[in-house]
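Here the structure comes first, spelled out in structure tokens, and everything after it is commentary.
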Amino acid sequence: MTSATITREKKISRAATLWITQVVSGLLLIVILALHMISHHFVVEGGLRDYQQVLAYVQNPLVFVLELVFIVTATAHALIGVRAIILDIGLSEGAKRTLNWILAVIGVITLIYGAWLAIALQQL
Amino acid sequence: MAQQISSTKEDTPSRPLTAWFDVRKRRVGSWAFALNRLTGLGLVLYLFLHLAVLSLLVQGEEAWDQFVALAKNPLFLFLDVVLIFGLLFHALNGIRVALVGMGIGIKSQRSMFWILAAIGAILLVISAFLVFTK
């Protein structure tokens, strides 16, 4: 097997992994966002929770876990989607690697911020 | 013959990033492809904006409740409905694209698109009603 074939197979494998990640994260997001819209907006008098109501809601352990799952799935889904759109420009291999790094850094910063926020809200 | 409406290579324009946005004289699949991307980009922007706004909670009760008061004005409520449209379109079209991508319903994807569009329209009307009446 030539190195070109191995590289092509790796690319196909990566594309398949990203596609499956998009599908799974997308399905999870549909469930989590439906719960979010109903519990945060549609069943709340006035459509939005006030400060005390938000704290009581997010300090529920199950909601805390759901919020963490949401931030991971939403970040992954968003950045993989943005990557797909940008790749349509037709980037060189070097530019693709740079793009992957930039998106990975944005993803890590977002996850750290989201985790910090979720934990900080537990301590208020 | 069923019209191809999935986000396949066939639907991906040859002049990417500029051409996919131009849907004039194109099939419904190209409209779905372009709108899926536009709603996706809008939702990404909203995600980061939403995360930034949530930091108001850490600043205290006054900061959050001031934002809540602002978010209840009619312009914000209208933007909520636009957001819900984006979520519904992206989610329902995403389900169709995922199913077709897995080889499910390829021949009936055109009817699947319109069935999901009808479901989305009903959910949008219900959501808009709740947004403006709650």
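Chain labels run A, B, ... following the order of the structure tokens; each chain numbers its residues from 1, and ligands are numbered from 1 in the order shown.
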
* Please report as a PyMOL selection string which residues of chain B come no farther than 9 Å from chain A, using only C-alpha atoms. => chain B and resi 15-18+37+40-41+43-44+47-48+51+54-55+57-58+60-62+64-65+68+71-72+87+91+94-95+98+127+130-134

Save the residues we just selected, C-alpha atoms, as a CSV table (one decimal), in the first residue's frame?
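Saved to again08.csv:
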chain,number,residue,atom,x,y,z
B,15,ARG,CA,-17.9,27.7,-7.1
B,16,PRO,CA,-18.0,27.1,-3.4
B,17,LEU,CA,-18.6,29.7,-0.8
B,18,THR,CA,-19.8,32.2,-3.3
B,37,ARG,CA,-25.5,26.7,6.2
B,40,GLY,CA,-25.9,27.1,11.0
B,41,LEU,CA,-23.7,30.2,10.9
B,43,LEU,CA,-26.7,29.6,15.4
B,44,VAL,CA,-22.9,29.6,15.9
B,47,LEU,CA,-24.2,30.3,20.7
B,48,PHE,CA,-21.2,32.5,21.5
B,51,LEU,CA,-22.6,32.2,26.4
B,54,LEU,CA,-24.9,34.1,30.6
B,55,SER,CA,-21.9,35.6,32.3
B,57,LEU,CA,-25.5,35.8,36.1
B,58,VAL,CA,-22.1,35.8,37.7
B,60,GLY,CA,-25.3,39.3,40.2
B,61,GLU,CA,-29.0,39.7,40.4
B,62,GLU,CA,-29.3,43.2,39.2
B,64,TRP,CA,-29.4,39.6,35.1
B,65,ASP,CA,-32.8,41.0,35.9
B,68,VAL,CA,-34.4,40.0,31.4
B,71,ALA,CA,-35.2,40.8,26.6
B,72,LYS,CA,-39.0,41.1,27.0
B,87,LEU,CA,-33.2,26.1,15.2
B,91,ALA,CA,-32.6,20.6,13.2
B,94,GLY,CA,-30.3,18.0,9.6
B,95,ILE,CA,-32.5,15.0,10.4
B,98,ALA,CA,-28.5,12.5,8.3
B,127,SER,CA,-43.5,28.6,19.6
B,130,LEU,CA,-45.9,30.9,23.4
B,131,VAL,CA,-43.1,33.5,23.0
B,132,PHE,CA,-45.6,36.4,22.6
B,133,THR,CA,-48.2,35.2,25.1
B,134,LYS,CA,-46.0,33.9,28.0

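Note that atom CA of His50 of chain B and atom CA of Ala128 of chain B are 19.7 Å apart.
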
Filtered DSSP result for chain A, state helix (DSSP H, G or I), as a short mmCIF file (atom, residue, chain, number, x, y, z; two decimals) with N, CA and C atoms, in the first residue's frame:
data_model
loop_
_atom_site.label_atom_id
_atom_site.label_comp_id
_atom_site.auth_asym_id
_atom_site.auth_seq_id
_atom_site.Cartn_x
_atom_site.Cartn_y
_atom_site.Cartn_z
N SER A 3 2.04 5.31 0.31
CA SER A 3 1.77 6.32 1.35
C SER A 3 0.61 7.23 0.93
N ALA A 4 0.49 7.44 -0.40
CA ALA A 4 -0.63 8.27 -0.89
C ALA A 4 -1.97 7.61 -0.57
N THR A 5 -2.02 6.27 -0.73
CA THR A 5 -3.25 5.53 -0.44
C THR A 5 -3.58 5.61 1.05
N ILE A 6 -2.53 5.44 1.87
CA ILE A 6 -2.74 5.51 3.33
C ILE A 6 -3.26 6.89 3.72
N THR A 7 -2.65 7.94 3.15
CA THR A 7 -3.09 9.31 3.45
C THR A 7 -4.54 9.52 3.05
N ARG A 8 -4.89 9.00 1.85
CA ARG A 8 -6.26 9.17 1.38
C ARG A 8 -7.23 8.43 2.30
N GLU A 9 -6.83 7.22 2.73
CA GLU A 9 -7.70 6.44 3.63
C GLU A 9 -7.86 7.15 4.97
N LYS A 10 -6.79 7.77 5.45
CA LYS A 10 -6.87 8.51 6.71
C LYS A 10 -7.85 9.68 6.58
N LYS A 11 -7.78 10.36 5.43
CA LYS A 11 -8.69 11.50 5.20
C LYS A 11 -10.14 11.04 5.17
N ILE A 12 -10.37 9.91 4.50
CA ILE A 12 -11.74 9.38 4.42
C ILE A 12 -12.22 8.99 5.81
N SER A 13 -11.33 8.36 6.58
CA SER A 13 -11.67 7.95 7.94
C SER A 13 -11.99 9.16 8.81
N ARG A 14 -11.17 10.23 8.68
CA ARG A 14 -11.41 11.45 9.46
C ARG A 14 -12.75 12.07 9.07
N ALA A 15 -13.00 12.13 7.75
CA ALA A 15 -14.26 12.72 7.28
C ALA A 15 -15.46 11.93 7.82
N ALA A 16 -15.33 10.58 7.82
CA ALA A 16 -16.42 9.74 8.33
C ALA A 16 -16.64 9.98 9.82
N THR A 17 -15.53 10.08 10.56
CA THR A 17 -15.63 10.32 12.01
C THR A 17 -16.31 11.65 12.29
N LEU A 18 -15.91 12.69 11.54
CA LEU A 18 -16.51 14.01 11.74
C LEU A 18 -18.00 13.99 11.38
N TRP A 19 -18.34 13.26 10.31
CA TRP A 19 -19.75 13.19 9.89
C TRP A 19 -20.58 12.51 10.97
N ILE A 20 -20.08 11.39 11.50
CA ILE A 20 -20.81 10.68 12.56
C ILE A 20 -20.93 11.57 13.80
N THR A 21 -19.84 12.30 14.11
CA THR A 21 -19.88 13.21 15.26
C THR A 21 -20.96 14.27 15.05
N GLN A 22 -21.06 14.79 13.82
CA GLN A 22 -22.09 15.79 13.52
C GLN A 22 -23.49 15.23 13.73
N VAL A 23 -23.70 14.01 13.25
CA VAL A 23 -25.03 13.39 13.37
C VAL A 23 -25.39 13.14 14.84
N VAL A 24 -24.46 12.53 15.57
CA VAL A 24 -24.74 12.19 16.98
C VAL A 24 -24.91 13.46 17.81
N SER A 25 -24.00 14.44 17.63
CA SER A 25 -24.12 15.69 18.41
C SER A 25 -25.38 16.44 18.01
N GLY A 26 -25.73 16.38 16.74
CA GLY A 26 -26.94 17.06 16.26
C GLY A 26 -28.19 16.48 16.92
N LEU A 27 -28.25 15.14 17.00
CA LEU A 27 -29.41 14.49 17.63
C LEU A 27 -29.48 14.83 19.12
N LEU A 28 -28.32 14.80 19.79
CA LEU A 28 -28.29 15.17 21.21
C LEU A 28 -28.75 16.60 21.41
N LEU A 29 -28.30 17.49 20.51
CA LEU A 29 -28.67 18.91 20.63
C LEU A 29 -30.18 19.11 20.46
N ILE A 30 -30.78 18.34 19.56
CA ILE A 30 -32.24 18.46 19.37
C ILE A 30 -32.96 18.16 20.68
N VAL A 31 -32.54 17.06 21.34
CA VAL A 31 -33.18 16.67 22.60
C VAL A 31 -32.91 17.73 23.69
N ILE A 32 -31.64 18.12 23.84
CA ILE A 32 -31.28 19.06 24.91
C ILE A 32 -31.92 20.43 24.68
N LEU A 33 -31.91 20.89 23.42
CA LEU A 33 -32.49 22.21 23.14
C LEU A 33 -34.01 22.21 23.31
N ALA A 34 -34.64 21.08 22.96
CA ALA A 34 -36.10 20.99 23.17
C ALA A 34 -36.40 21.12 24.67
N LEU A 35 -35.63 20.40 25.49
CA LEU A 35 -35.81 20.49 26.95
C LEU A 35 -35.53 21.91 27.43
N HIS A 36 -34.47 22.51 26.88
CA HIS A 36 -34.06 23.86 27.27
C HIS A 36 -35.16 24.88 26.95
N MET A 37 -35.69 24.81 25.72
CA MET A 37 -36.71 25.78 25.31
C MET A 37 -37.98 25.64 26.15
N ILE A 38 -38.36 24.38 26.41
CA ILE A 38 -39.58 24.17 27.19
C ILE A 38 -39.38 24.63 28.63
N SER A 39 -38.29 24.17 29.26
CA SER A 39 -38.12 24.45 30.69
C SER A 39 -37.71 25.90 30.97
N HIS A 40 -36.96 26.52 30.05
CA HIS A 40 -36.48 27.88 30.29
C HIS A 40 -37.44 28.96 29.80
N HIS A 41 -38.22 28.63 28.79
CA HIS A 41 -39.02 29.69 28.16
C HIS A 41 -40.53 29.40 28.13
N PHE A 42 -40.91 28.20 27.66
CA PHE A 42 -42.32 27.99 27.36
C PHE A 42 -43.20 27.72 28.59
N TYR A 51 -33.45 35.95 38.19
CA TYR A 51 -32.16 35.51 38.74
C TYR A 51 -32.31 34.31 39.68
N GLN A 52 -33.20 34.44 40.66
CA GLN A 52 -33.37 33.37 41.65
C GLN A 52 -33.87 32.08 40.99
N GLN A 53 -34.77 32.23 40.02
CA GLN A 53 -35.31 31.05 39.32
C GLN A 53 -34.23 30.35 38.50
N VAL A 54 -33.36 31.17 37.85
CA VAL A 54 -32.27 30.57 37.05
C VAL A 54 -31.33 29.80 37.96
N LEU A 55 -30.96 30.40 39.09
CA LEU A 55 -30.03 29.72 40.00
C LEU A 55 -30.63 28.42 40.53
N ALA A 56 -31.92 28.47 40.91
CA ALA A 56 -32.57 27.26 41.42
C ALA A 56 -32.56 26.17 40.34
N TYR A 57 -32.75 26.60 39.08
CA TYR A 57 -32.80 25.64 37.97
C TYR A 57 -31.42 25.03 37.70
N VAL A 58 -30.40 25.90 37.52
CA VAL A 58 -29.07 25.38 37.12
C VAL A 58 -28.36 24.66 38.26
N PRO A 61 -28.61 19.09 40.09
CA PRO A 61 -27.49 18.29 39.58
C PRO A 61 -27.72 17.74 38.16
N LEU A 62 -28.95 17.35 37.88
CA LEU A 62 -29.25 16.81 36.55
C LEU A 62 -29.10 17.90 35.48
N VAL A 63 -29.57 19.10 35.81
CA VAL A 63 -29.44 20.23 34.87
C VAL A 63 -27.98 20.59 34.68
N PHE A 64 -27.20 20.54 35.75
CA PHE A 64 -25.76 20.82 35.67
C PHE A 64 -25.09 19.87 34.66
N VAL A 65 -25.41 18.59 34.77
CA VAL A 65 -24.83 17.60 33.84
C VAL A 65 -25.31 17.89 32.41
N LEU A 66 -26.60 18.19 32.27
CA LEU A 66 -27.15 18.49 30.94
C LEU A 66 -26.47 19.71 30.32
N GLU A 67 -26.21 20.73 31.16
CA GLU A 67 -25.55 21.94 30.65
C GLU A 67 -24.14 21.62 30.15
N LEU A 68 -23.44 20.74 30.89
CA LEU A 68 -22.08 20.36 30.46
C LEU A 68 -22.13 19.57 29.15
N VAL A 69 -23.09 18.64 29.06
CA VAL A 69 -23.24 17.87 27.81
C VAL A 69 -23.58 18.83 26.67
N PHE A 70 -24.44 19.82 26.97
CA PHE A 70 -24.82 20.79 25.94
C PHE A 70 -23.61 21.56 25.43
N ILE A 71 -22.78 22.05 26.33
CA ILE A 71 -21.66 22.89 25.89
C ILE A 71 -20.67 22.07 25.04
N VAL A 72 -20.48 20.80 25.40
CA VAL A 72 -19.56 19.95 24.63
C VAL A 72 -20.15 19.66 23.24
N THR A 73 -21.41 19.24 23.21
CA THR A 73 -22.01 18.87 21.92
C THR A 73 -22.20 20.09 21.02
N ALA A 74 -22.64 21.22 21.62
CA ALA A 74 -22.88 22.42 20.80
C ALA A 74 -21.56 22.95 20.23
N THR A 75 -20.52 22.94 21.04
CA THR A 75 -19.22 23.44 20.56
C THR A 75 -18.69 22.55 19.44
N ALA A 76 -18.74 21.22 19.66
CA ALA A 76 -18.24 20.30 18.63
C ALA A 76 -19.04 20.46 17.34
N HIS A 77 -20.36 20.47 17.46
CA HIS A 77 -21.23 20.57 16.28
C HIS A 77 -20.99 21.88 15.53
N ALA A 78 -20.86 22.98 16.30
CA ALA A 78 -20.67 24.29 15.68
C ALA A 78 -19.34 24.36 14.94
N LEU A 79 -18.27 23.92 15.59
CA LEU A 79 -16.95 24.08 14.98
C LEU A 79 -16.73 23.13 13.80
N ILE A 80 -17.27 21.93 13.88
CA ILE A 80 -17.17 21.00 12.74
C ILE A 80 -17.95 21.59 11.55
N GLY A 81 -19.10 22.19 11.84
CA GLY A 81 -19.89 22.80 10.77
C GLY A 81 -19.18 23.99 10.13
N VAL A 82 -18.60 24.84 10.96
CA VAL A 82 -17.86 26.00 10.44
C VAL A 82 -16.67 25.52 9.59
N ARG A 83 -16.01 24.47 10.07
CA ARG A 83 -14.86 23.92 9.33
C ARG A 83 -15.29 23.45 7.94
N ALA A 84 -16.43 22.77 7.87
CA ALA A 84 -16.92 22.27 6.58
C ALA A 84 -17.17 23.42 5.61
N ILE A 85 -17.73 24.51 6.12
CA ILE A 85 -18.02 25.66 5.24
C ILE A 85 -16.72 26.31 4.77
N ILE A 86 -15.79 26.49 5.70
CA ILE A 86 -14.52 27.14 5.32
C ILE A 86 -13.73 26.27 4.34
N LEU A 87 -13.79 24.95 4.54
CA LEU A 87 -13.02 24.06 3.64
C LEU A 87 -13.51 24.15 2.19
N GLU A 93 -3.10 22.18 2.03
CA GLU A 93 -2.94 21.29 3.19
C GLU A 93 -2.45 22.06 4.41
N GLY A 94 -1.52 23.00 4.18
CA GLY A 94 -0.98 23.80 5.29
C GLY A 94 -2.06 24.67 5.92
N ALA A 95 -2.87 25.29 5.06
CA ALA A 95 -3.95 26.16 5.56
C ALA A 95 -4.98 25.33 6.31
N LYS A 96 -5.23 24.09 5.84
CA LYS A 96 -6.19 23.21 6.54
C LYS A 96 -5.70 22.89 7.94
N ARG A 97 -4.38 22.61 8.04
CA ARG A 97 -3.82 22.30 9.37
C ARG A 97 -3.95 23.51 10.29
N THR A 98 -3.66 24.71 9.74
CA THR A 98 -3.79 25.94 10.55
C THR A 98 -5.24 26.11 11.00
N LEU A 99 -6.16 25.89 10.07
CA LEU A 99 -7.59 26.02 10.40
C LEU A 99 -7.98 25.05 11.52
N ASN A 100 -7.50 23.80 11.39
CA ASN A 100 -7.82 22.80 12.42
C ASN A 100 -7.32 23.25 13.79
N TRP A 101 -6.13 23.81 13.81
CA TRP A 101 -5.57 24.27 15.09
C TRP A 101 -6.37 25.45 15.66
N ILE A 102 -6.70 26.39 14.78
CA ILE A 102 -7.47 27.57 15.24
C ILE A 102 -8.81 27.12 15.84
N LEU A 103 -9.49 26.22 15.12
CA LEU A 103 -10.80 25.76 15.60
C LEU A 103 -10.66 24.95 16.89
N ALA A 104 -9.58 24.17 16.97
CA ALA A 104 -9.35 23.38 18.20
C ALA A 104 -9.13 24.32 19.39
N VAL A 105 -8.36 25.38 19.17
CA VAL A 105 -8.10 26.34 20.27
C VAL A 105 -9.40 27.03 20.68
N ILE A 106 -10.20 27.46 19.67
CA ILE A 106 -11.50 28.09 19.98
C ILE A 106 -12.37 27.11 20.78
N GLY A 107 -12.35 25.84 20.36
CA GLY A 107 -13.15 24.83 21.04
C GLY A 107 -12.72 24.65 22.49
N VAL A 108 -11.41 24.56 22.71
CA VAL A 108 -10.91 24.35 24.08
C VAL A 108 -11.25 25.56 24.95
N ILE A 109 -11.05 26.78 24.41
CA ILE A 109 -11.38 28.00 25.19
C ILE A 109 -12.87 28.01 25.53
N THR A 110 -13.70 27.66 24.55
CA THR A 110 -15.16 27.65 24.79
C THR A 110 -15.52 26.64 25.88
N LEU A 111 -14.92 25.45 25.81
CA LEU A 111 -15.23 24.42 26.80
C LEU A 111 -14.78 24.85 28.20
N ILE A 112 -13.59 25.46 28.28
CA ILE A 112 -13.09 25.92 29.59
C ILE A 112 -14.03 26.99 30.14
N TYR A 113 -14.41 27.95 29.27
CA TYR A 113 -15.32 29.03 29.69
C TYR A 113 -16.66 28.45 30.14
N GLY A 114 -17.20 27.52 29.35
CA GLY A 114 -18.51 26.93 29.66
C GLY A 114 -18.47 26.16 30.98
N ALA A 115 -17.39 25.39 31.18
CA ALA A 115 -17.26 24.63 32.43
C ALA A 115 -17.11 25.58 33.61
N TRP A 116 -16.30 26.64 33.43
CA TRP A 116 -16.13 27.64 34.50
C TRP A 116 -17.48 28.26 34.87
N LEU A 117 -18.25 28.63 33.83
CA LEU A 117 -19.54 29.28 34.06
C LEU A 117 -20.50 28.33 34.81
N ALA A 118 -20.56 27.09 34.34
CA ALA A 118 -21.47 26.12 34.96
C ALA A 118 -21.09 25.89 36.42
N ILE A 119 -19.79 25.80 36.69
CA ILE A 119 -19.34 25.57 38.07
C ILE A 119 -19.55 26.83 38.92
N ALA A 120 -19.26 28.01 38.33
CA ALA A 120 -19.43 29.27 39.07
C ALA A 120 -20.89 29.45 39.50
N LEU A 121 -21.82 29.04 38.64
CA LEU A 121 -23.24 29.19 38.96
C LEU A 121 -23.67 28.27 40.11
N GLN A 122 -22.92 27.18 40.29
CA GLN A 122 -23.24 26.27 41.41
C GLN A 122 -22.87 26.91 42.75
#

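Rounded to one decimal, atom CA of Ile84 of chain B and atom CA of Leu123 of chain B lie 9.2 Å from each other.
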
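If you look at atom CA of Leu116 of chain B and atom CA of His90 of chain B, they are 11.0 Å away from each other.
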
* To do: Pick out the closest residue to Asn93 of chain B from this set: B:Gln109, B:Asn73, B:Gln59, B:Gln66. Count only C-alpha atoms.
  => B:Gln109
